[in-house]
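Structure file protein-v2.cif (mmCIF, C-alpha atoms and all ligand atoms) follows.
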```
data_entry
#
loop_
_atom_site.label_atom_id
_atom_site.label_comp_id
_atom_site.auth_asym_id
_atom_site.auth_seq_id
_atom_site.Cartn_x
_atom_site.Cartn_y
_atom_site.Cartn_z
CA MET A 285 -6.07 -1.14 -11.27
CA THR A 286 -5.44 -3.63 -8.45
CA SER A 287 -3.20 -6.17 -10.15
CA LEU A 288 -0.29 -5.77 -12.53
CA THR A 289 1.67 -8.56 -14.22
CA ILE A 290 5.00 -7.60 -15.76
CA THR A 291 8.03 -9.35 -17.19
CA ARG A 292 10.31 -10.29 -14.28
CA PRO A 293 12.51 -7.25 -13.52
CA ASP A 294 16.31 -7.05 -13.43
CA ASP A 295 18.54 -4.83 -11.33
CA TRP A 296 21.22 -3.19 -13.49
CA HIS A 297 23.30 -1.89 -10.53
CA LEU A 298 23.59 -3.96 -7.36
CA HIS A 299 26.06 -4.36 -4.49
CA LEU A 300 26.03 -7.87 -3.04
CA ARG A 301 29.30 -7.65 -1.06
CA ASP A 302 30.84 -10.96 0.01
CA GLY A 303 30.92 -13.58 2.76
CA ASP A 304 28.24 -13.35 5.48
CA MET A 305 26.85 -10.10 4.09
CA LEU A 306 26.38 -11.69 0.65
CA LYS A 307 24.47 -14.60 2.20
CA ALA A 308 22.19 -12.24 4.10
CA VAL A 309 21.35 -9.78 1.31
CA LEU A 310 21.26 -11.99 -1.80
CA PRO A 311 17.82 -13.54 -1.01
CA GLU A 312 16.35 -10.03 -0.85
CA THR A 313 17.22 -9.45 -4.51
CA ALA A 314 16.76 -13.03 -5.74
CA ARG A 315 13.15 -13.02 -4.49
CA HIS A 316 11.94 -10.64 -7.23
CA PHE A 317 14.72 -10.06 -9.73
CA GLY A 318 15.85 -12.32 -12.55
CA ARG A 319 19.33 -10.89 -13.02
CA ALA A 320 21.54 -8.15 -11.67
CA ILE A 321 24.69 -6.36 -12.75
CA ILE A 322 27.00 -7.06 -9.81
CA MET A 323 29.20 -4.18 -8.75
CA PRO A 324 32.89 -5.09 -8.38
CA ASN A 325 33.87 -2.75 -5.52
CA LEU A 326 34.89 -5.46 -3.08
CA VAL A 327 38.01 -5.10 -0.97
CA PRO A 328 40.19 -5.94 -2.87
CA PRO A 329 38.20 -5.13 -6.04
CA VAL A 330 37.20 -7.57 -8.81
CA VAL A 331 39.79 -6.64 -11.44
CA THR A 332 40.63 -9.81 -13.39
CA ALA A 333 38.56 -12.43 -15.19
CA ARG A 334 39.65 -14.87 -12.53
CA ASP A 335 38.41 -12.58 -9.73
CA ALA A 336 35.06 -12.31 -11.51
CA ALA A 337 34.73 -16.07 -12.02
CA GLU A 338 35.54 -16.75 -8.37
CA TYR A 339 33.13 -14.06 -7.16
CA ARG A 340 30.40 -15.44 -9.42
CA ASP A 341 30.95 -18.90 -7.89
CA ARG A 342 30.59 -17.47 -4.37
CA ILE A 343 27.35 -15.76 -5.38
CA MET A 344 25.99 -18.94 -6.95
CA ALA A 345 26.88 -20.87 -3.78
CA ALA A 346 25.08 -18.29 -1.60
CA LYS A 347 21.89 -18.37 -3.70
CA PRO A 348 18.73 -19.66 -2.03
CA ASP A 349 17.69 -23.17 -3.20
CA ASN A 350 15.45 -23.13 -6.28
CA SER A 351 16.38 -19.54 -7.11
CA LYS A 352 16.98 -18.92 -10.83
CA PHE A 353 18.67 -15.58 -10.12
CA GLN A 354 21.62 -14.90 -12.44
CA PRO A 355 24.48 -12.60 -11.44
CA LEU A 356 25.91 -10.60 -14.35
CA MET A 357 29.53 -9.98 -13.49
CA THR A 358 31.59 -6.83 -14.06
CA LEU A 359 35.25 -5.87 -13.81
CA TYR A 360 36.55 -2.89 -11.89
CA LEU A 361 38.56 -0.72 -14.27
CA THR A 362 42.04 0.20 -13.02
CA GLU A 363 44.97 1.86 -14.70
CA GLU A 364 46.53 -1.63 -14.87
CA THR A 365 43.57 -3.45 -16.43
CA ASP A 366 44.80 -6.04 -18.93
CA VAL A 367 43.08 -5.70 -22.31
CA ARG A 368 43.51 -9.36 -23.28
CA ASP A 369 42.13 -10.62 -19.99
CA LEU A 370 39.14 -8.29 -20.29
CA ARG A 371 38.39 -9.22 -23.91
CA ALA A 372 38.60 -12.92 -23.14
CA ALA A 373 36.23 -12.52 -20.18
CA ALA A 374 33.73 -10.68 -22.38
CA GLU A 375 34.00 -13.22 -25.20
CA ILE A 376 33.08 -16.16 -22.98
CA GLY A 377 30.17 -14.20 -21.51
CA LEU A 378 31.72 -14.07 -18.04
CA ILE A 379 31.49 -10.28 -17.81
CA HIS A 380 28.76 -7.98 -19.08
CA ALA A 381 30.24 -4.58 -18.30
CA VAL A 382 33.25 -2.78 -16.86
CA LYS A 383 32.88 -0.30 -14.01
CA LEU A 384 34.66 3.03 -13.93
CA TYR A 385 35.13 4.66 -10.54
CA PRO A 386 37.06 7.90 -10.50
CA ALA A 387 39.62 7.25 -7.73
CA GLY A 388 38.18 8.29 -4.38
CA ALA A 389 34.65 9.06 -5.62
CA THR A 390 32.76 6.54 -3.47
CA THR A 391 32.83 3.42 -1.26
CA ASN A 392 35.91 1.26 -2.03
CA SER A 393 37.04 3.30 -5.04
CA ALA A 394 40.67 3.83 -4.06
CA SER A 395 41.88 1.60 -6.95
CA GLY A 396 39.89 3.62 -9.48
CA VAL A 397 41.10 5.74 -12.36
CA LYS A 398 43.16 8.93 -11.83
CA ASP A 399 44.65 9.37 -15.29
CA PHE A 400 42.20 8.68 -18.11
CA THR A 401 44.95 8.43 -20.75
CA LYS A 402 46.05 5.21 -19.01
CA VAL A 403 42.73 3.48 -19.72
CA LYS A 404 42.20 4.75 -23.25
CA ARG A 405 43.34 1.55 -24.95
CA VAL A 406 41.03 -0.55 -22.79
CA LEU A 407 38.10 1.74 -23.57
CA GLU A 408 38.85 1.60 -27.31
CA ASN A 409 38.78 -2.18 -27.15
CA MET A 410 35.48 -2.05 -25.27
CA ALA A 411 34.04 0.18 -27.98
CA GLN A 412 35.16 -2.37 -30.61
CA ILE A 413 33.41 -5.27 -28.92
CA GLY A 414 30.41 -3.26 -27.66
CA LEU A 415 31.10 -3.95 -23.97
CA PRO A 416 29.33 -1.31 -21.84
CA LEU A 417 31.23 0.96 -19.46
CA CYS A 418 29.26 1.65 -16.28
CA VAL A 419 30.31 5.00 -14.89
CA HIS A 420 30.15 6.41 -11.38
CA GLY A 421 29.84 9.97 -12.67
CA GLU A 422 31.22 12.32 -10.06
CA VAL A 423 34.39 14.39 -10.09
CA THR A 424 36.55 14.03 -7.01
CA ASP A 425 38.09 17.52 -7.04
CA PRO A 426 37.72 18.82 -3.46
CA ASP A 427 37.14 22.31 -4.87
CA VAL A 428 33.91 21.19 -6.53
CA ASP A 429 30.85 21.32 -4.29
CA ILE A 430 29.50 17.82 -3.62
CA PHE A 431 26.08 18.78 -5.00
CA ASP A 432 27.70 19.84 -8.32
CA ARG A 433 29.99 16.86 -8.80
CA GLU A 434 27.74 14.96 -11.20
CA ALA A 435 27.01 17.92 -13.49
CA VAL A 436 30.71 18.89 -13.57
CA PHE A 437 31.67 15.28 -14.36
CA ILE A 438 29.38 15.24 -17.39
CA ASP A 439 30.88 18.42 -18.82
CA THR A 440 34.54 17.91 -17.98
CA ILE A 441 35.02 14.14 -18.16
CA LEU A 442 32.15 12.15 -19.63
CA ASP A 443 31.40 14.27 -22.68
CA PRO A 444 35.07 14.65 -23.72
CA LEU A 445 35.60 10.92 -23.12
CA ARG A 446 32.67 9.95 -25.34
CA ARG A 447 33.91 12.27 -28.10
CA ASP A 448 37.40 10.81 -27.78
CA ILE A 449 36.20 7.20 -28.05
CA PRO A 450 33.33 7.07 -30.55
CA GLY A 451 31.16 3.98 -30.22
CA LEU A 452 31.94 3.47 -26.54
CA ARG A 453 28.71 2.27 -24.93
CA VAL A 454 28.17 4.00 -21.59
CA VAL A 455 25.73 3.60 -18.72
CA MET A 456 25.61 6.64 -16.47
CA GLU A 457 25.04 4.91 -13.14
CA HIS A 458 22.63 6.19 -10.50
CA ILE A 459 21.98 9.62 -12.02
CA THR A 460 20.77 12.21 -9.52
CA THR A 461 20.37 15.40 -11.54
CA LYS A 462 18.32 17.02 -14.28
CA GLN A 463 21.61 17.49 -16.15
CA GLY A 464 22.24 13.74 -15.95
CA ALA A 465 18.76 12.91 -17.23
CA ASP A 466 19.01 15.44 -20.06
CA TYR A 467 22.44 14.22 -21.13
CA ALA A 468 21.34 10.56 -21.12
CA ARG A 469 18.16 11.33 -23.04
CA GLU A 470 20.01 13.16 -25.79
CA GLY A 471 23.01 10.84 -26.02
CA GLY A 472 21.82 8.40 -28.68
CA ASP A 473 21.80 4.61 -28.72
CA ASP A 474 25.21 4.18 -27.09
CA LEU A 475 24.22 6.01 -23.92
CA ALA A 476 21.81 5.09 -21.15
CA ALA A 477 21.34 5.82 -17.45
CA THR A 478 20.27 3.83 -14.43
CA ILE A 479 18.07 5.42 -11.81
CA THR A 480 17.83 4.13 -8.24
CA THR A 481 14.67 3.57 -6.27
CA HIS A 482 15.69 5.93 -3.47
CA HIS A 483 16.53 8.86 -5.76
CA LEU A 484 12.93 8.77 -7.00
CA VAL A 485 11.76 9.22 -3.40
CA ILE A 486 14.15 11.44 -1.45
CA ASN A 487 15.68 14.85 -1.98
CA ARG A 488 18.44 16.43 0.09
CA ASN A 489 15.99 17.70 2.71
CA HIS A 490 15.25 14.11 3.65
CA ILE A 491 18.92 13.73 4.60
CA LEU A 492 19.50 17.02 6.36
CA ALA A 493 16.30 18.77 7.52
CA GLY A 494 15.11 18.15 11.08
CA GLY A 495 18.19 16.14 12.08
CA ILE A 496 20.74 14.19 10.03
CA LYS A 497 19.51 10.86 8.60
CA PRO A 498 22.50 8.64 7.89
CA HIS A 499 20.32 5.97 6.27
CA TYR A 500 19.47 8.44 3.49
CA TYR A 501 23.12 9.25 2.82
CA CYS A 502 24.37 7.67 -0.39
CA LEU A 503 26.56 8.68 -3.29
CA PRO A 504 25.88 10.50 -5.46
CA VAL A 505 24.11 12.38 -2.69
CA ALA A 506 20.41 13.20 -3.26
CA LYS A 507 19.96 16.69 -4.72
CA ARG A 508 17.26 19.39 -4.69
CA GLU A 509 13.59 18.58 -5.27
CA GLU A 510 13.71 19.83 -8.88
CA HIS A 511 16.26 17.11 -9.63
CA ARG A 512 14.19 14.40 -7.97
CA LEU A 513 11.25 15.48 -10.13
CA ALA A 514 13.42 15.33 -13.26
CA LEU A 515 14.41 11.76 -12.35
CA ARG A 516 10.76 10.81 -11.77
CA ALA A 517 9.85 12.26 -15.15
CA ALA A 518 12.69 10.34 -16.83
CA ALA A 519 11.92 7.01 -15.13
CA THR A 520 8.17 7.18 -15.81
CA SER A 521 8.51 8.52 -19.38
CA GLY A 522 8.97 5.16 -21.07
CA ASP A 523 12.15 6.47 -22.74
CA PRO A 524 14.41 3.40 -23.22
CA SER A 525 17.44 5.48 -22.19
CA PHE A 526 16.41 4.96 -18.56
CA PHE A 527 16.20 1.77 -16.56
CA LEU A 528 16.35 0.48 -13.00
CA GLY A 529 19.64 0.10 -11.18
CA THR A 530 18.75 0.06 -7.50
CA ASP A 531 22.32 0.64 -6.27
CA SER A 532 21.10 -1.28 -3.22
CA ALA A 533 24.25 -0.90 -1.11
CA PRO A 534 24.18 -2.66 2.25
CA HIS A 535 26.26 -1.36 5.14
CA THR A 536 25.71 -2.42 8.74
CA ASP A 537 24.05 0.12 11.00
CA ALA A 538 27.32 0.23 12.96
CA ASN A 539 29.07 1.47 9.82
CA LYS A 540 26.31 3.90 8.85
CA LEU A 541 25.87 5.50 12.28
CA LEU A 542 29.36 6.86 12.75
CA PRO A 543 30.91 10.32 12.86
CA CYS A 544 32.09 9.43 9.34
CA GLY A 545 29.43 7.00 8.17
CA CYS A 546 29.36 4.91 4.97
CA ALA A 547 27.40 5.95 1.90
CA GLY A 548 24.65 3.66 0.60
CA CYS A 549 20.92 2.91 0.83
CA PHE A 550 19.69 -0.67 1.09
CA THR A 551 16.57 -1.01 -1.05
CA ALA A 552 16.62 -4.62 -2.28
CA THR A 553 13.83 -5.66 0.10
CA ASN A 554 11.11 -3.16 -0.85
CA THR A 555 12.16 -1.80 -4.24
CA MET A 556 9.32 -3.27 -6.32
CA SER A 557 6.67 -2.07 -3.85
CA ILE A 558 8.19 1.42 -3.80
CA LEU A 559 8.44 1.60 -7.59
CA ALA A 560 4.82 0.53 -8.08
CA GLU A 561 3.72 3.22 -5.62
CA VAL A 562 5.86 5.87 -7.34
CA PHE A 563 4.71 4.96 -10.84
CA GLU A 564 1.08 4.88 -9.71
CA GLN A 565 1.43 8.33 -8.09
CA ASP A 566 2.67 9.61 -11.45
CA ASP A 567 -0.10 7.85 -13.42
CA ALA A 568 2.51 5.73 -15.14
CA LEU A 569 1.95 2.15 -13.96
CA ASP A 570 1.96 1.17 -17.64
CA LYS A 571 5.59 2.35 -17.85
CA LEU A 572 6.87 0.29 -14.91
CA GLU A 573 7.59 -2.79 -17.02
CA GLY A 574 9.69 -0.80 -19.49
CA PHE A 575 11.74 0.78 -16.70
CA ALA A 576 12.23 -2.31 -14.54
CA SER A 577 12.14 -5.18 -17.03
CA LEU A 578 12.58 -4.21 -20.70
CA ASN A 579 14.81 -1.15 -21.23
CA GLY A 580 17.79 -2.66 -19.38
CA PRO A 581 17.98 -5.89 -21.41
CA LYS A 582 17.52 -3.87 -24.60
CA PHE A 583 20.58 -1.73 -23.83
CA TYR A 584 22.61 -4.75 -22.70
CA ARG A 585 21.54 -6.63 -25.86
CA MET A 586 19.95 -9.47 -23.91
CA GLU A 587 16.49 -10.99 -24.01
CA PRO A 588 14.05 -9.87 -21.32
CA ASN A 589 13.30 -12.51 -18.68
CA ALA A 590 10.89 -15.16 -19.94
CA ASP A 591 8.74 -15.27 -16.79
CA THR A 592 6.64 -12.64 -15.01
CA ILE A 593 5.85 -11.27 -11.57
CA THR A 594 2.48 -10.03 -10.40
CA LEU A 595 2.00 -7.01 -8.16
CA THR A 596 -1.26 -6.75 -6.25
CA LYS A 597 -2.66 -3.65 -4.57
CA GLY A 598 -4.16 -3.90 -1.09
CA ASN A 599 -3.58 -2.97 2.55
CA PRO A 600 -0.19 -1.39 3.29
CA VAL A 601 2.65 -3.86 2.86
CA THR A 602 4.72 -4.79 5.87
CA TYR A 603 8.42 -5.52 5.43
CA PRO A 604 11.25 -5.82 7.95
CA ASP A 605 12.88 -2.55 9.00
CA HIS A 606 16.24 -4.30 8.93
CA ILE A 607 17.93 -7.47 7.68
CA ALA A 608 20.01 -9.41 10.18
CA THR A 609 23.57 -10.27 9.15
CA ASP A 610 26.41 -11.90 11.06
CA GLN A 611 28.05 -8.47 11.17
CA GLY A 612 24.94 -6.75 12.57
CA PRO A 613 21.69 -5.31 11.23
CA VAL A 614 21.35 -3.59 7.84
CA THR A 615 18.53 -1.04 7.81
CA VAL A 616 16.03 -1.31 4.96
CA PHE A 617 15.32 1.97 3.15
CA ASP A 618 12.27 3.73 4.63
CA PRO A 619 10.32 5.52 1.87
CA GLN A 620 8.28 7.41 4.49
CA MET A 621 5.01 6.49 2.82
CA PRO A 622 2.68 3.51 2.99
CA LEU A 623 3.26 1.00 0.19
CA HIS A 624 0.19 -0.74 -1.17
CA TRP A 625 1.66 -2.95 -3.90
CA ARG A 626 3.09 -6.34 -3.00
CA VAL A 627 4.72 -8.92 -5.23
CA THR A 628 2.47 -11.97 -4.98
N1 LIG B 1 26.03 4.36 -3.71
C1 LIG B 1 26.64 4.39 -2.55
O1 LIG B 1 26.40 5.32 -1.77
N2 LIG B 1 27.52 3.44 -2.18
C2 LIG B 1 28.00 2.34 -2.98
C3 LIG B 1 29.02 2.76 -3.98
C4 LIG B 1 28.48 3.46 -5.20
O2 LIG B 1 27.60 2.95 -5.91
O3 LIG B 1 28.93 4.56 -5.51
C5 LIG B 1 28.59 1.29 -2.04
O4 LIG B 1 29.31 0.41 -2.51
O5 LIG B 1 28.30 1.33 -0.83
ZN ZN B 2 28.53 4.60 -7.60
ZN ZN B 3 26.60 1.50 -6.49
#
```
Turn the structure described in the file into structure tokens.
Amino acid sequence: MTSLTITRPDDWHLHLRDGDMLKAVLPETARHFGRAIIMPNLVPPVVTARDAAEYRDRIMAAKPDNSKFQPLMTLYLTEETDVRDLRAAAEIGLIHAVKLYPAGATTNSASGVKDFTKVKRVLENMAQIGLPLCVHGEVTDPDVDIFDREAVFIDTILDPLRRDIPGLRVVMEHITTKQGADYAREGGDDLAATITTHHLVINRNHILAGGIKPHYYCLPVAKREEHRLALRAAATSGDPSFFLGTDSAPHTDANKLLPCGCAGCFTATNTMSILAEVFEQDDALDKLEGFASLNGPKFYRMEPNADTITLTKGNPVTYPDHIATDQGPVTVFDPQMPLHWRVT
């Protein structure tokens, strides 16, 4: 096969940041994607309907001319989240999900949840109205090894939470483990998982073997090869429990290349080329549309995009190794393999 036309994809987990960074990175996503779930971990975070409306306006203003890209806004769940404000924002279609960060789990998560009893009423209301909860699924207990934090979160927090609040619709964001894939697969219609582009490509050796590679450091951190293979199997299976959330998370090189560097991989630029290569390697090009364009809208109870994109196979694709921003360069994720599929 040398050409593949699929429904225009969406990105169900994206960091666009704000200000100059937003202006620099938004065109990279808007070029190929119809919609994206916009992560609310700004500083300060997007916690109220008003914050979300104002952030949406800034995104719309930063959009390239002629772009039909639609940001799907989210609220950042805090122990002070106001149920009425949240319900009103969902009813008018301003927000499409609420994001749960355990306090301290990842970039800009200090306002996240420490005591789950404090958010129970909000979660019960979300279950009533069918509003999905997007979960960064890692425990923050310093006694738990960083490579185990996702699996421990599923057993000690996510599973009890889902039993406690029946009907709560949950997206396990950026799963990185076999345990995550298994739990999502078996969780029924109210549970799904996003998988990033980079976690289909790298394992923890890519970060640590032969010298430390800060550009491959993200959270949850990439795990052993067996987990990467489990994610590949899940993404290419066609199972509607799994869909694309790139977690494209721009940080300037200056902030990545530090003694204590930021977590995040920036994949907006080359995600579709990487995915086509990955799905072709696994003999699953016919499953790419489900993963990137159909399974996400199905879970979010939205129509798929009405238009299509075409990927064409040819000589290796060239793409910039970084994106320039007013704050400095942002390195584009290097999949360490030639990519032959370009969006035409
Ligand atoms: N994934 C990351 O490594 N970083 C994300 C935060 C997140 O999604 O956890 C970021 O905002 O930079
Ligand atoms: Zn996260
Ligand atoms: Zn993220």
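Here CA of Thr536 in chain A is placed at a distance of 4.6 Å from CA of Val614 in chain A.
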Using only C-alpha atoms and all ligand atoms, determine which residues fall within 8 Å of ligand ZN 3 (chain B), then list them as a ChimeraX atom specification. /A:297-299,323,420,457-458,503,531-533,548
At most 12 Å from ligand ZN 2 (chain B) (all atoms listed in the file): residue list as a ChimeraX atom specification: /A:297-299,322-325,360,383-393,396,418-423,434,455-460,478-480,502-505,529-533,547-549
Write the residues of the preceding selection, restricted to C-alpha atoms, as a compact mmCIF listing (two decimals), in the frame of the given file.
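Output (selection.txt):
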```
# COMPACT_ATOMS: atom_id res chain seq x y z
CA HIS A 297 23.30 -1.89 -10.53
CA LEU A 298 23.59 -3.96 -7.36
CA HIS A 299 26.06 -4.36 -4.49
CA ILE A 322 27.00 -7.06 -9.81
CA MET A 323 29.20 -4.18 -8.75
CA PRO A 324 32.89 -5.09 -8.38
CA ASN A 325 33.87 -2.75 -5.52
CA TYR A 360 36.55 -2.89 -11.89
CA LYS A 383 32.88 -0.30 -14.01
CA LEU A 384 34.66 3.03 -13.93
CA TYR A 385 35.13 4.66 -10.54
CA PRO A 386 37.06 7.90 -10.50
CA ALA A 387 39.62 7.25 -7.73
CA GLY A 388 38.18 8.29 -4.38
CA ALA A 389 34.65 9.06 -5.62
CA THR A 390 32.76 6.54 -3.47
CA THR A 391 32.83 3.42 -1.26
CA ASN A 392 35.91 1.26 -2.03
CA SER A 393 37.04 3.30 -5.04
CA GLY A 396 39.89 3.62 -9.48
CA CYS A 418 29.26 1.65 -16.28
CA VAL A 419 30.31 5.00 -14.89
CA HIS A 420 30.15 6.41 -11.38
CA GLY A 421 29.84 9.97 -12.67
CA GLU A 422 31.22 12.32 -10.06
CA VAL A 423 34.39 14.39 -10.09
CA GLU A 434 27.74 14.96 -11.20
CA VAL A 455 25.73 3.60 -18.72
CA MET A 456 25.61 6.64 -16.47
CA GLU A 457 25.04 4.91 -13.14
CA HIS A 458 22.63 6.19 -10.50
CA ILE A 459 21.98 9.62 -12.02
CA THR A 460 20.77 12.21 -9.52
CA THR A 478 20.27 3.83 -14.43
CA ILE A 479 18.07 5.42 -11.81
CA THR A 480 17.83 4.13 -8.24
CA CYS A 502 24.37 7.67 -0.39
CA LEU A 503 26.56 8.68 -3.29
CA PRO A 504 25.88 10.50 -5.46
CA VAL A 505 24.11 12.38 -2.69
CA GLY A 529 19.64 0.10 -11.18
CA THR A 530 18.75 0.06 -7.50
CA ASP A 531 22.32 0.64 -6.27
CA SER A 532 21.10 -1.28 -3.22
CA ALA A 533 24.25 -0.90 -1.11
CA ALA A 547 27.40 5.95 1.90
CA GLY A 548 24.65 3.66 0.60
CA CYS A 549 20.92 2.91 0.83
```
Shell around Val562 in chain A at 12 Å using only C-alpha atoms, local window under 4 positions removed, as a PyMOL selection string: chain A and resi 481-486+512-513+515-517+519-520+555-558+566-572+619+621-625
As AutoDock Vina command-line options, please: the centre and edge lengths in Å, to one decimal, of an axis-aligned box enclosing every listed atom of range 318-334 of chain A with 3 Å added on each side.
```
--center_x 28.2 --center_y -8.8 --center_z -8.1 --size_x 30.8 --size_y 18.1 --size_z 20.2
```
Smallest atom-to-atom distance to Ala477 in chain A: which of A:Ala538, A:Ala552, A:Leu528, A:Val327, using all atoms listed in the file? A:Leu528
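Once Ala337 in chain A and its same-chain neighbours fewer than 3 positions away are set aside, Val330, Thr332, Ala333, Arg334, Arg340, Asp341, Arg342, Ile343, Met357, Thr358, Ala373, Leu378 and Ile379 of chain A remain within 10 Å of it when counting all atoms listed in the file.
The coordinates place CA of Gly318 in chain A at 6.9 Å from CA of Lys352 in chain A.
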Excluding Thr365 in chain A and its own-chain neighbours fewer than 3 positions away, which residues fall within 9 Å of it when counting all atoms listed in the file? Please give them as an mmCIF file with C-alpha atoms, keeping the file's coordinate frame.
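Saved the output as part.cif:
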```cif
data_model
loop_
_atom_site.group_PDB
_atom_site.id
_atom_site.type_symbol
_atom_site.label_atom_id
_atom_site.label_comp_id
_atom_site.auth_asym_id
_atom_site.auth_seq_id
_atom_site.Cartn_x
_atom_site.Cartn_y
_atom_site.Cartn_z
ATOM 1 C CA VAL A 331 39.790 -6.640 -11.440
ATOM 2 C CA THR A 332 40.630 -9.810 -13.390
ATOM 3 C CA TYR A 360 36.550 -2.890 -11.890
ATOM 4 C CA LEU A 361 38.560 -0.720 -14.270
ATOM 5 C CA THR A 362 42.040 0.200 -13.020
ATOM 6 C CA ASP A 369 42.130 -10.620 -19.990
ATOM 7 C CA LEU A 370 39.140 -8.290 -20.290
ATOM 8 C CA VAL A 403 42.730 3.480 -19.720
ATOM 9 C CA VAL A 406 41.030 -0.550 -22.790
#
```
Return the single residue from A:Pro600, A:Pro416, A:Pro498, A:Pro426 that is closest to Phe583 in chain A, with distances computed using only C-alpha atoms. A:Pro416
Near Asp443 in chain A, counting only C-alpha atoms, which residues have an atom at most 12 Å away, once you skip same-chain residues fewer than 2 positions from it, shown as a PyMOL selection string? chain A and resi 421+435-441+445-450+452+454+456+464+467-468+470-471+475
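Straight-line separation from CA of Asp349 in chain A to CA of Asp610 in chain A: 20.2 Å.
Remark: for Asn599 in chain A, the closest of the candidate residues A:Arg626, A:Lys582, A:Lys402, A:His499 is A:Arg626 (distances computed over only C-alpha atoms).
When all atoms listed in the file are used to compute distances to ligand LIG 1 (chain B), the closest of the residues A:Gly377, A:Asp523, A:Thr313, A:Ala506 turns out to be A:Ala506.
Residue nearest Arg319 in chain A within the list A:Ser521, A:Thr596, A:Thr289, A:Asn589: A:Asn589 [criterion: smallest interatomic distance, all atoms listed in the file].
The shortest atom-to-atom distance to Pro543 in chain A, with all atoms listed in the file taken into account, belongs to A:Ile496 out of A:Gly612, A:Ile496, A:Ala374, A:Met410.
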Pick out the residues sitting within 10 Å of Pro581 in chain A, and hand them over as an MDAnalysis selection string; count only C-alpha atoms, and ignore anything fewer than 3 positions along from it in its own chain. chainID A and resid 293:294 296 319 527 574 576:578 584:589
Place a sphere of radius 7 Å on (23.2, 16.7, -2.2) in the file coordinates and name every protein, DNA or RNA residue with an atom inside or on its surface, counting all atoms listed in the file; give the answer as a PyMOL selection string. chain A and resi 430-431+488+505-508
Starting from the point (15.6, -1.1, 7.3), work out which residues of protein, DNA or RNA have an atom no more than 7 Å away when counting all atoms listed in the file; state them as a PyMOL selection string. chain A and resi 604-607+614-618
N, CA and C atoms are what I want for range 613-625 of chain A; can you complete it accordingly and write them as an mmCIF file, in the frame of the given file?
```
data_model
loop_
_atom_site.group_PDB
_atom_site.id
_atom_site.type_symbol
_atom_site.label_atom_id
_atom_site.label_comp_id
_atom_site.auth_asym_id
_atom_site.auth_seq_id
_atom_site.Cartn_x
_atom_site.Cartn_y
_atom_site.Cartn_z
ATOM 1 N N PRO A 613 22.833 -5.621 12.082
ATOM 2 C CA PRO A 613 21.690 -5.310 11.230
ATOM 3 C C PRO A 613 22.022 -4.339 10.102
ATOM 4 N N VAL A 614 21.308 -4.522 8.977
ATOM 5 C CA VAL A 614 21.350 -3.590 7.840
ATOM 6 C C VAL A 614 19.953 -2.995 7.723
ATOM 7 N N THR A 615 19.844 -1.682 7.854
ATOM 8 C CA THR A 615 18.530 -1.040 7.810
ATOM 9 C C THR A 615 17.989 -0.989 6.388
ATOM 10 N N VAL A 616 16.718 -1.364 6.259
ATOM 11 C CA VAL A 616 16.030 -1.310 4.960
ATOM 12 C C VAL A 616 15.561 0.129 4.739
ATOM 13 N N PHE A 617 15.724 0.612 3.523
ATOM 14 C CA PHE A 617 15.320 1.970 3.150
ATOM 15 C C PHE A 617 13.857 2.233 3.528
ATOM 16 N N ASP A 618 13.628 3.351 4.221
ATOM 17 C CA ASP A 618 12.270 3.730 4.630
ATOM 18 C C ASP A 618 11.768 4.827 3.691
ATOM 19 N N PRO A 619 10.780 4.513 2.829
ATOM 20 C CA PRO A 619 10.320 5.520 1.870
ATOM 21 C C PRO A 619 9.394 6.559 2.491
ATOM 22 N N GLN A 620 9.129 6.436 3.782
ATOM 23 C CA GLN A 620 8.280 7.410 4.490
ATOM 24 C C GLN A 620 6.916 7.567 3.841
ATOM 25 N N MET A 621 6.394 6.476 3.320
ATOM 26 C CA MET A 621 5.010 6.490 2.820
ATOM 27 C C MET A 621 4.514 5.052 2.860
ATOM 28 N N PRO A 622 3.205 4.874 3.051
ATOM 29 C CA PRO A 622 2.680 3.510 2.990
ATOM 30 C C PRO A 622 2.816 2.958 1.582
ATOM 31 N N LEU A 623 3.114 1.666 1.494
ATOM 32 C CA LEU A 623 3.260 1.000 0.190
ATOM 33 C C LEU A 623 2.100 0.014 0.053
ATOM 34 N N HIS A 624 1.397 0.087 -1.032
ATOM 35 C CA HIS A 624 0.190 -0.740 -1.170
ATOM 36 C C HIS A 624 0.350 -1.892 -2.152
ATOM 37 N N TRP A 625 1.482 -1.916 -2.879
ATOM 38 C CA TRP A 625 1.660 -2.950 -3.900
ATOM 39 C C TRP A 625 2.621 -4.003 -3.382
#
```
